[in-house]
$ cat model-v2.cif   # mmCIF, C-alpha atoms
data_final
#
loop_
_atom_site.label_atom_id
_atom_site.label_comp_id
_atom_site.auth_asym_id
_atom_site.auth_seq_id
_atom_site.Cartn_x
_atom_site.Cartn_y
_atom_site.Cartn_z
CA MET A 1368 -21.01 -45.14 30.31
CA LEU A 1369 -23.47 -45.70 33.16
CA VAL A 1370 -25.63 -42.70 32.23
CA PHE A 1371 -25.64 -42.95 28.44
CA PHE A 1372 -25.18 -46.70 27.87
CA ALA A 1373 -26.02 -48.91 30.82
CA GLY A 1374 -28.80 -46.60 32.03
CA PRO A 1375 -30.98 -46.82 28.89
CA ILE A 1376 -30.41 -50.59 28.65
CA ILE A 1377 -31.50 -51.12 32.26
CA TRP A 1378 -34.54 -48.89 31.68
CA THR A 1379 -35.42 -50.83 28.50
CA VAL A 1380 -35.20 -54.15 30.33
CA TRP A 1381 -37.44 -52.87 33.12
CA VAL A 1382 -40.07 -51.35 30.80
CA SER A 1383 -40.23 -54.59 28.79
CA PHE A 1384 -41.71 -56.27 31.89
CA THR A 1385 -44.44 -53.63 32.24
CA ASN A 1386 -47.46 -52.42 30.28
CA ALA A 1387 -46.09 -48.88 29.96
CA ALA A 1388 -47.72 -46.75 27.28
CA LEU A 1389 -47.46 -43.25 25.85
CA THR A 1390 -51.06 -42.37 26.61
CA GLY A 1391 -53.84 -43.50 28.92
CA VAL A 1392 -53.73 -44.87 32.44
CA ASN A 1393 -50.64 -46.99 31.78
CA ALA A 1394 -48.65 -43.89 30.84
CA ALA A 1395 -48.83 -42.54 34.38
CA GLN A 1396 -48.86 -45.78 36.36
CA PRO A 1397 -47.44 -48.72 34.39
CA GLU A 1398 -47.95 -52.12 35.96
CA PHE A 1399 -45.57 -55.05 36.14
CA VAL A 1400 -46.82 -57.78 33.76
CA GLY A 1401 -43.95 -60.27 33.98
CA LEU A 1402 -43.28 -62.20 30.78
CA ALA A 1403 -46.52 -61.19 29.07
CA ASN A 1404 -44.74 -58.99 26.51
CA PHE A 1405 -42.28 -61.75 25.67
CA THR A 1406 -45.06 -64.31 25.31
CA GLU A 1407 -46.85 -61.95 22.93
CA LEU A 1408 -43.60 -61.29 21.08
CA PHE A 1409 -42.82 -64.91 20.27
CA ALA A 1410 -46.41 -65.52 19.20
CA ASP A 1411 -46.48 -62.44 16.96
CA PRO A 1412 -46.02 -63.33 13.25
CA LYS A 1413 -44.98 -59.71 12.58
CA PHE A 1414 -42.03 -60.15 14.93
CA ARG A 1415 -40.89 -63.36 13.25
CA GLU A 1416 -41.13 -61.74 9.83
CA ALA A 1417 -39.31 -58.60 11.02
CA THR A 1418 -36.52 -60.72 12.53
CA LEU A 1419 -36.07 -62.62 9.27
CA LEU A 1420 -36.06 -59.38 7.27
CA THR A 1421 -33.52 -57.87 9.67
CA VAL A 1422 -31.17 -60.84 9.25
CA VAL A 1423 -31.55 -60.77 5.45
CA PHE A 1424 -30.97 -57.00 5.40
CA LEU A 1425 -27.94 -57.38 7.65
CA LEU A 1426 -26.40 -60.21 5.63
CA GLY A 1427 -27.20 -58.65 2.25
CA SER A 1428 -26.21 -55.05 2.86
CA GLY A 1429 -23.68 -55.36 5.68
CA VAL A 1430 -21.92 -58.69 5.95
CA VAL A 1431 -21.86 -59.49 2.22
CA GLY A 1432 -22.54 -56.27 0.33
CA GLN A 1433 -20.35 -53.75 2.12
CA THR A 1434 -17.64 -56.26 3.00
CA VAL A 1435 -17.22 -57.71 -0.49
CA LEU A 1436 -17.52 -54.39 -2.30
CA GLY A 1437 -15.38 -52.51 0.23
CA LEU A 1438 -12.61 -55.12 0.14
CA GLY A 1439 -12.83 -55.33 -3.66
CA LEU A 1440 -12.45 -51.57 -4.03
CA ALA A 1441 -9.56 -51.52 -1.54
CA LEU A 1442 -7.75 -54.25 -3.50
CA LEU A 1443 -8.38 -52.57 -6.85
CA LEU A 1444 -7.11 -49.20 -5.59
CA GLN A 1445 -3.83 -50.65 -4.36
CA ASN A 1446 -0.81 -49.35 -6.30
CA ARG A 1447 -3.07 -47.32 -8.61
CA HIS A 1448 -2.30 -43.81 -9.81
CA PRO A 1449 -2.99 -41.24 -7.06
CA ALA A 1450 -5.46 -39.44 -9.31
CA ALA A 1451 -7.49 -42.60 -9.83
CA ARG A 1452 -7.51 -43.33 -6.10
CA MET A 1453 -8.60 -39.77 -5.35
CA VAL A 1454 -11.51 -39.87 -7.83
CA VAL A 1455 -12.82 -43.25 -6.66
CA SER A 1456 -12.37 -42.40 -2.98
CA THR A 1457 -14.14 -39.06 -3.41
CA VAL A 1458 -17.14 -40.69 -5.10
CA VAL A 1459 -17.43 -43.53 -2.58
CA VAL A 1460 -16.84 -41.39 0.51
CA GLY A 1461 -19.24 -38.79 -0.89
CA ALA A 1462 -22.05 -41.35 -0.68
CA TRP A 1463 -21.05 -42.16 2.90
CA VAL A 1464 -21.24 -38.56 4.18
CA VAL A 1465 -24.64 -37.88 2.59
CA PRO A 1466 -27.30 -37.75 5.36
CA GLU A 1467 -29.56 -40.81 5.44
CA VAL A 1468 -32.66 -38.73 4.69
CA VAL A 1469 -31.05 -37.31 1.56
CA ALA A 1470 -29.71 -40.75 0.55
CA GLY A 1471 -33.16 -42.25 0.97
CA LEU A 1472 -34.79 -39.58 -1.19
CA LEU A 1473 -32.10 -40.01 -3.86
CA TRP A 1474 -32.78 -43.73 -4.06
CA VAL A 1475 -36.55 -43.19 -4.13
CA VAL A 1476 -36.11 -40.93 -7.14
CA PHE A 1477 -33.72 -43.40 -8.76
CA LEU A 1478 -35.83 -46.54 -8.19
CA GLU A 1479 -39.39 -45.29 -8.62
CA ARG A 1480 -41.35 -46.16 -11.76
CA GLU A 1481 -40.38 -42.93 -13.52
CA GLY A 1482 -36.87 -42.95 -12.04
CA GLY A 1483 -33.42 -43.15 -13.53
CA LEU A 1484 -33.02 -46.93 -13.37
CA ASN A 1485 -36.23 -47.55 -15.28
CA GLY A 1486 -35.14 -44.90 -17.76
CA VAL A 1487 -32.10 -47.05 -18.53
CA PHE A 1488 -34.30 -50.15 -18.82
CA GLU A 1489 -36.69 -48.41 -21.20
CA PHE A 1490 -33.74 -47.26 -23.31
CA LEU A 1491 -32.62 -50.90 -23.54
CA GLY A 1492 -36.14 -51.99 -24.47
CA ALA A 1493 -37.08 -53.55 -21.13
CA ALA A 1494 -40.31 -52.89 -19.27
CA PRO A 1495 -40.12 -50.50 -16.27
CA VAL A 1496 -40.35 -51.97 -12.76
CA ASN A 1497 -41.68 -50.34 -9.61
CA TRP A 1498 -38.77 -51.50 -7.47
CA LEU A 1499 -40.01 -49.95 -4.23
CA TYR A 1500 -43.21 -51.99 -4.53
CA THR A 1501 -42.11 -55.25 -6.15
CA ALA A 1502 -38.73 -55.62 -4.38
CA PRO A 1503 -38.67 -53.23 -1.39
CA LEU A 1504 -36.12 -55.19 0.66
CA PHE A 1505 -33.75 -55.45 -2.29
CA ALA A 1506 -34.14 -51.69 -2.84
CA VAL A 1507 -33.15 -50.78 0.72
CA ILE A 1508 -30.29 -53.32 0.70
CA LEU A 1509 -28.92 -51.74 -2.46
CA ALA A 1510 -29.23 -48.25 -1.00
CA ASN A 1511 -27.48 -49.24 2.24
CA VAL A 1512 -24.61 -50.88 0.35
CA TRP A 1513 -24.18 -47.67 -1.65
CA LYS A 1514 -24.34 -45.61 1.53
CA GLY A 1515 -22.00 -47.59 3.75
CA THR A 1516 -19.33 -49.18 1.53
CA ALA A 1517 -16.91 -46.29 2.05
CA PHE A 1518 -16.32 -47.24 5.69
CA SER A 1519 -15.34 -50.80 4.78
CA MET A 1520 -13.19 -49.60 1.90
CA MET A 1521 -11.22 -47.26 4.18
CA THR A 1522 -10.65 -49.82 6.94
CA TYR A 1523 -9.55 -52.49 4.45
CA SER A 1524 -7.28 -49.99 2.68
CA ALA A 1525 -5.63 -49.25 6.02
CA GLY A 1526 -5.24 -52.98 6.70
CA LEU A 1527 -3.78 -53.67 3.27
CA SER A 1528 -1.20 -50.93 3.76
CA GLU A 1529 0.16 -52.84 6.79
CA ILE A 1530 0.81 -56.06 4.84
CA PRO A 1531 4.52 -56.29 3.91
CA SER A 1532 4.92 -56.17 0.14
CA TYR A 1533 7.76 -58.71 0.20
CA LEU A 1534 5.32 -61.46 1.23
CA LYS A 1535 3.22 -60.94 -1.89
CA GLU A 1536 6.30 -60.59 -4.08
CA ALA A 1537 7.73 -63.84 -2.72
CA ALA A 1538 4.45 -65.64 -3.46
CA ARG A 1539 4.42 -64.31 -7.03
CA VAL A 1540 8.04 -65.44 -7.51
CA ASP A 1541 6.93 -68.93 -6.43
CA GLY A 1542 4.31 -68.86 -9.19
CA ALA A 1543 1.19 -67.84 -7.26
CA SER A 1544 -1.56 -66.11 -9.22
CA THR A 1545 -3.19 -62.88 -8.08
CA LEU A 1546 -6.19 -64.80 -6.74
CA GLN A 1547 -3.92 -67.20 -4.83
CA VAL A 1548 -1.98 -64.27 -3.32
CA VAL A 1549 -5.22 -62.71 -2.13
CA TRP A 1550 -6.60 -65.99 -0.75
CA HIS A 1551 -3.46 -67.38 0.91
CA ILE A 1552 -1.58 -64.19 1.87
CA VAL A 1553 -3.83 -61.14 2.03
CA LEU A 1554 -7.02 -62.53 3.58
CA PRO A 1555 -5.31 -64.47 6.44
CA LEU A 1556 -3.31 -61.36 7.37
CA LEU A 1557 -6.51 -59.26 7.22
CA ARG A 1558 -8.44 -61.63 9.52
CA ARG A 1559 -8.52 -59.28 12.49
CA THR A 1560 -9.28 -56.26 10.32
CA ILE A 1561 -12.13 -58.14 8.64
CA ALA A 1562 -13.56 -59.22 12.01
CA THR A 1563 -13.37 -55.69 13.44
CA THR A 1564 -14.92 -54.17 10.33
CA LEU A 1565 -17.69 -56.78 10.26
CA MET A 1566 -18.52 -56.04 13.88
CA LEU A 1567 -18.75 -52.28 13.32
CA VAL A 1568 -20.69 -52.67 10.06
CA THR A 1569 -23.08 -55.11 11.73
CA LEU A 1570 -23.78 -52.75 14.61
CA GLN A 1571 -24.38 -49.90 12.15
CA THR A 1572 -26.54 -51.94 9.79
CA VAL A 1573 -28.76 -53.69 12.33
CA GLN A 1574 -30.00 -50.31 13.62
CA VAL A 1575 -30.63 -48.63 10.24
CA PHE A 1576 -33.96 -46.86 10.51
CA THR A 1577 -34.02 -43.55 8.65
CA LEU A 1578 -32.96 -44.90 5.27
CA ILE A 1579 -35.64 -47.61 5.26
CA TYR A 1580 -38.31 -45.34 6.69
CA VAL A 1581 -37.72 -42.66 4.04
CA MET A 1582 -37.68 -45.18 1.18
CA THR A 1583 -40.51 -47.56 2.08
CA ALA A 1584 -41.72 -46.79 5.65
CA GLY A 1585 -41.56 -50.56 6.15
CA GLY A 1586 -43.98 -51.30 3.32
CA PRO A 1587 -45.64 -52.19 1.19
CA GLY A 1588 -47.48 -53.99 3.96
CA GLU A 1589 -44.72 -55.30 6.23
CA ARG A 1590 -42.36 -56.44 3.46
CA SER A 1591 -39.49 -54.17 4.51
CA THR A 1592 -40.30 -53.77 8.21
CA THR A 1593 -37.10 -54.65 10.04
CA LEU A 1594 -36.87 -54.76 13.84
CA PRO A 1595 -36.01 -51.03 14.25
CA LEU A 1596 -39.12 -50.09 12.27
CA LEU A 1597 -41.29 -52.58 14.17
CA MET A 1598 -39.97 -51.16 17.43
CA TYR A 1599 -40.80 -47.62 16.26
CA LYS A 1600 -44.32 -48.58 15.17
CA GLU A 1601 -45.17 -50.42 18.36
CA ALA A 1602 -43.64 -47.93 20.80
CA LEU A 1603 -44.27 -44.56 19.14
CA GLN A 1604 -47.06 -45.02 16.59
CA PHE A 1605 -49.23 -47.39 18.62
CA GLY A 1606 -48.00 -46.06 21.98
CA ASP A 1607 -47.22 -49.49 23.49
CA LEU A 1608 -43.87 -48.78 25.16
CA GLY A 1609 -43.77 -52.10 26.98
CA TYR A 1610 -44.06 -54.16 23.82
CA GLY A 1611 -41.84 -51.77 21.83
CA THR A 1612 -38.99 -52.09 24.30
CA THR A 1613 -39.36 -55.87 24.17
CA VAL A 1614 -38.74 -55.65 20.42
CA ALA A 1615 -35.71 -53.46 21.22
CA LEU A 1616 -34.30 -56.21 23.43
CA ALA A 1617 -34.75 -58.72 20.61
CA LEU A 1618 -32.82 -56.36 18.33
CA LEU A 1619 -30.06 -56.14 20.91
CA ILE A 1620 -29.87 -59.94 21.05
CA VAL A 1621 -29.60 -60.22 17.24
CA ALA A 1622 -26.72 -57.72 17.22
CA GLY A 1623 -25.09 -59.49 20.17
CA LEU A 1624 -25.14 -62.89 18.48
CA PHE A 1625 -23.36 -61.56 15.39
CA SER A 1626 -20.90 -59.58 17.54
CA ALA A 1627 -20.04 -62.69 19.57
CA ALA A 1628 -19.06 -64.50 16.38
CA TYR A 1629 -16.79 -61.63 15.38
CA VAL A 1630 -15.19 -61.47 18.83
CA LYS A 1631 -14.33 -65.16 18.46
CA MET A 1632 -12.60 -64.32 15.17
CA LEU A 1633 -10.52 -61.69 16.98
CA ARG A 1634 -9.06 -64.19 19.43
CA PRO A 1635 -5.37 -64.97 18.83
CA GLU A 1636 -4.80 -68.26 17.05
CA GLU A 1637 -3.35 -71.02 19.17
CA VAL A 1638 0.24 -71.94 18.40
CA ARG A 1639 0.61 -75.67 17.77
#

$ encode --input "model-v2.cif" --output "structure tokens"
Amino acid sequence: MLVFFAGPIIWTVWVSFTNAALTGVNAAQPEFVGLANFTELFADPKFREATLLTVVFLLGSGVVGQTVLGLGLALLLQNRHPAARMVVSTVVVGAWVVPEVVAGLLWVVFLEREGGLNGVFEFLGAAPVNWLYTAPLFAVILANVWKGTAFSMMTYSAGLSEIPSYLKEAARVDGASTLQVVWHIVLPLLRRTIATTLMLVTLQTVQVFTLIYVMTAGGPGERSTTLPLLMYKEALQFGDLGYGTTVALALLIVAGLFSAAYVKMLRPEEVR
């Protein structure tokens, strides 16, 4: 843990207070610059935009997209024929195990102007849309939901299997509808599973880099540049390690804030 976890974090914190670079004089002898990188960070409009895009991407593809779709699929697959469960699970898990580079290329082919989605639109009489240019953030959100929903579906399926069936049957006998059973019985008993899944999905989603880079490279312009891509550009493309690691710390703080909320959900409820 010290070597592979704490070590890189300590190094990142230290470098963020220096003017370290990949090339030039500062590459060999970086100097301590105090809070200069942080001052530049908070004054940088690209950082503010990247933070907003990261939060939107996280909420759209992780917190809402994967959670709602994963839980919905888990509920729909309950008590279904084994063959139906096997087919759906194979399709969904198949998307999850596809490497991010391959998934990104698949979605580029599907969403580009001559791609499959526009082929459907043209068949229906609608005009084609260049999704990767007109709605790049929506495109990468959609791709990440497709890629990561399997994980949520499997964790929620495991959680649903632990809920005693007699509780749901008793609620139905009392006249509860399916929606009421889900809202008043299933979701409260899944609270800890939902919190744990949200935490893991958040940590996975907030650091997504390859999928976005393959699909849009953060463009057009900066319209899909999330914090991981901004960190990559500043540290590795422009060679400014000091500023790039400062962006990395900001990314760590964003993930930490969401994780703290989920940890609070995991606390046992007080008995009154």

$ residues_around --input "model-v2.cif" --residues "segment 1506-1519 of chain A" --least-positions-apart "5" --cutoff "9 Å" --atoms "only C-alpha atoms" --output "ChimeraX atom specification"
/A:1423-1425,1427-1429,1432-1438,1441,1456,1459-1465,1467,1470-1471,1474-1475,1478,1498-1499,1524,1561,1564-1565,1568,1572,1575,1578-1579,1582-1583,1591

$ closest_residue --input "model-v2.cif" --among "A:Ala1417, A:Gly1623, A:Pro1449, A:Gly1609" --to "Asn1393 of chain A" --atoms "only C-alpha atoms"
A:Gly1609

$ residues_near_point --input "model-v2.cif" --point "(-1.5, -54.3, 0.7)" --cutoff "10 Å" --atoms "all atoms listed in the file" --output "ChimeraX atom specification"
/A:1441-1442,1444-1446,1523-1532,1534-1535,1549,1552-1553,1556-1557

$ write_last_selection --input "model-v2.cif" --atoms "C-alpha atoms" --output "tab-separated table (two decimals), keeping the file's coordinate frame"
chain	number	residue	atom	x	y	z
A	1441	ALA	CA	-9.56	-51.52	-1.54
A	1442	LEU	CA	-7.75	-54.25	-3.50
A	1444	LEU	CA	-7.11	-49.20	-5.59
A	1445	GLN	CA	-3.83	-50.65	-4.36
A	1446	ASN	CA	-0.81	-49.35	-6.30
A	1523	TYR	CA	-9.55	-52.49	4.45
A	1524	SER	CA	-7.28	-49.99	2.68
A	1525	ALA	CA	-5.63	-49.25	6.02
A	1526	GLY	CA	-5.24	-52.98	6.70
A	1527	LEU	CA	-3.78	-53.67	3.27
A	1528	SER	CA	-1.20	-50.93	3.76
A	1529	GLU	CA	0.16	-52.84	6.79
A	1530	ILE	CA	0.81	-56.06	4.84
A	1531	PRO	CA	4.52	-56.29	3.91
A	1532	SER	CA	4.92	-56.17	0.14
A	1534	LEU	CA	5.32	-61.46	1.23
A	1535	LYS	CA	3.22	-60.94	-1.89
A	1549	VAL	CA	-5.22	-62.71	-2.13
A	1552	ILE	CA	-1.58	-64.19	1.87
A	1553	VAL	CA	-3.83	-61.14	2.03
A	1556	LEU	CA	-3.31	-61.36	7.37
A	1557	LEU	CA	-6.51	-59.26	7.22

$ axis_aligned_box --input "model-v2.cif" --around "segment 1622-1630 of chain A" --padding-each-side "4 Å" --output "lines of an AutoDock Vina configuration file"
center_x = -21.0
center_y = -61.1
center_z = 17.8
size_x = 19.5
size_y = 14.8
size_z = 12.8

$ residues_around --input "model-v2.cif" --residues "Phe1405 of chain A" --least-positions-apart "4" --cutoff "10 Å" --atoms "only C-alpha atoms" --output "list in words"
Ser1383, Phe1384, Gly1401, Phe1409, Ala1410, Asp1411, Gly1609, Tyr1610, Thr1613, Val1614, Leu1616 and Ala1617 of chain A

$ residues_around --input "model-v2.cif" --residues "Pro1495 of chain A" --least-positions-apart "6" --cutoff "7 Å" --atoms "only C-alpha atoms" --output "PyMOL selection string"
chain A and resi 1480+1485+1488-1489

$ resolve_selection --input "model-v2.cif" --expression "the PyMOL selection byres ((chain A and resi 1629-1633) around 10)" --output "PyMOL selection string"
chain A and resi 1558-1567+1569+1623-1628+1634-1636

$ write_last_selection --input "model-v2.cif" --atoms "C-alpha atoms" --output "PDB file, in the coordinates of the input"
ATOM      1  CA  ARG A1558      -8.440 -61.630   9.520  1.00  0.00           C
ATOM      2  CA  ARG A1559      -8.520 -59.280  12.490  1.00  0.00           C
ATOM      3  CA  THR A1560      -9.280 -56.260  10.320  1.00  0.00           C
ATOM      4  CA  ILE A1561     -12.130 -58.140   8.640  1.00  0.00           C
ATOM      5  CA  ALA A1562     -13.560 -59.220  12.010  1.00  0.00           C
ATOM      6  CA  THR A1563     -13.370 -55.690  13.440  1.00  0.00           C
ATOM      7  CA  THR A1564     -14.920 -54.170  10.330  1.00  0.00           C
ATOM      8  CA  LEU A1565     -17.690 -56.780  10.260  1.00  0.00           C
ATOM      9  CA  MET A1566     -18.520 -56.040  13.880  1.00  0.00           C
ATOM     10  CA  LEU A1567     -18.750 -52.280  13.320  1.00  0.00           C
ATOM     11  CA  THR A1569     -23.080 -55.110  11.730  1.00  0.00           C
ATOM     12  CA  GLY A1623     -25.090 -59.490  20.170  1.00  0.00           C
ATOM     13  CA  LEU A1624     -25.140 -62.890  18.480  1.00  0.00           C
ATOM     14  CA  PHE A1625     -23.360 -61.560  15.390  1.00  0.00           C
ATOM     15  CA  SER A1626     -20.900 -59.580  17.540  1.00  0.00           C
ATOM     16  CA  ALA A1627     -20.040 -62.690  19.570  1.00  0.00           C
ATOM     17  CA  ALA A1628     -19.060 -64.500  16.380  1.00  0.00           C
ATOM     18  CA  ARG A1634      -9.060 -64.190  19.430  1.00  0.00           C
ATOM     19  CA  PRO A1635      -5.370 -64.970  18.830  1.00  0.00           C
ATOM     20  CA  GLU A1636      -4.800 -68.260  17.050  1.00  0.00           C
TER      21      GLU A1636
END

$ closest_residue --input "model-v2.cif" --among "A:Trp1381, A:Phe1372, A:Phe1477, A:Tyr1580" --to "Leu1608 of chain A" --atoms "only C-alpha atoms"
A:Trp1381

$ atom_distance --input "model-v2.cif" --atom1 "atom CA of Leu1603 of chain A" --atom2 "atom CA of Phe1576 of chain A"
13.6 Å

$ closest_residue --input "model-v2.cif" --among "A:Gly1391, A:Pro1503, A:Thr1577, A:Gly1586" --to "Pro1466 of chain A" --atoms "only C-alpha atoms"
A:Thr1577

$ atom_distance --input "model-v2.cif" --atom1 "atom CA of Thr1501 of chain A" --atom2 "atom CA of Ala1615 of chain A"
28.2 Å

$ closest_residue --input "model-v2.cif" --among "A:Gln1547, A:Gln1574, A:Asn1404, A:Gln1396" --to "Leu1618 of chain A" --atoms "all atoms listed in the file"
A:Gln1574

$ atom_distance --input "model-v2.cif" --atom1 "atom CA of Val1392 of chain A" --atom2 "atom CA of Phe1414 of chain A"
26.0 Å
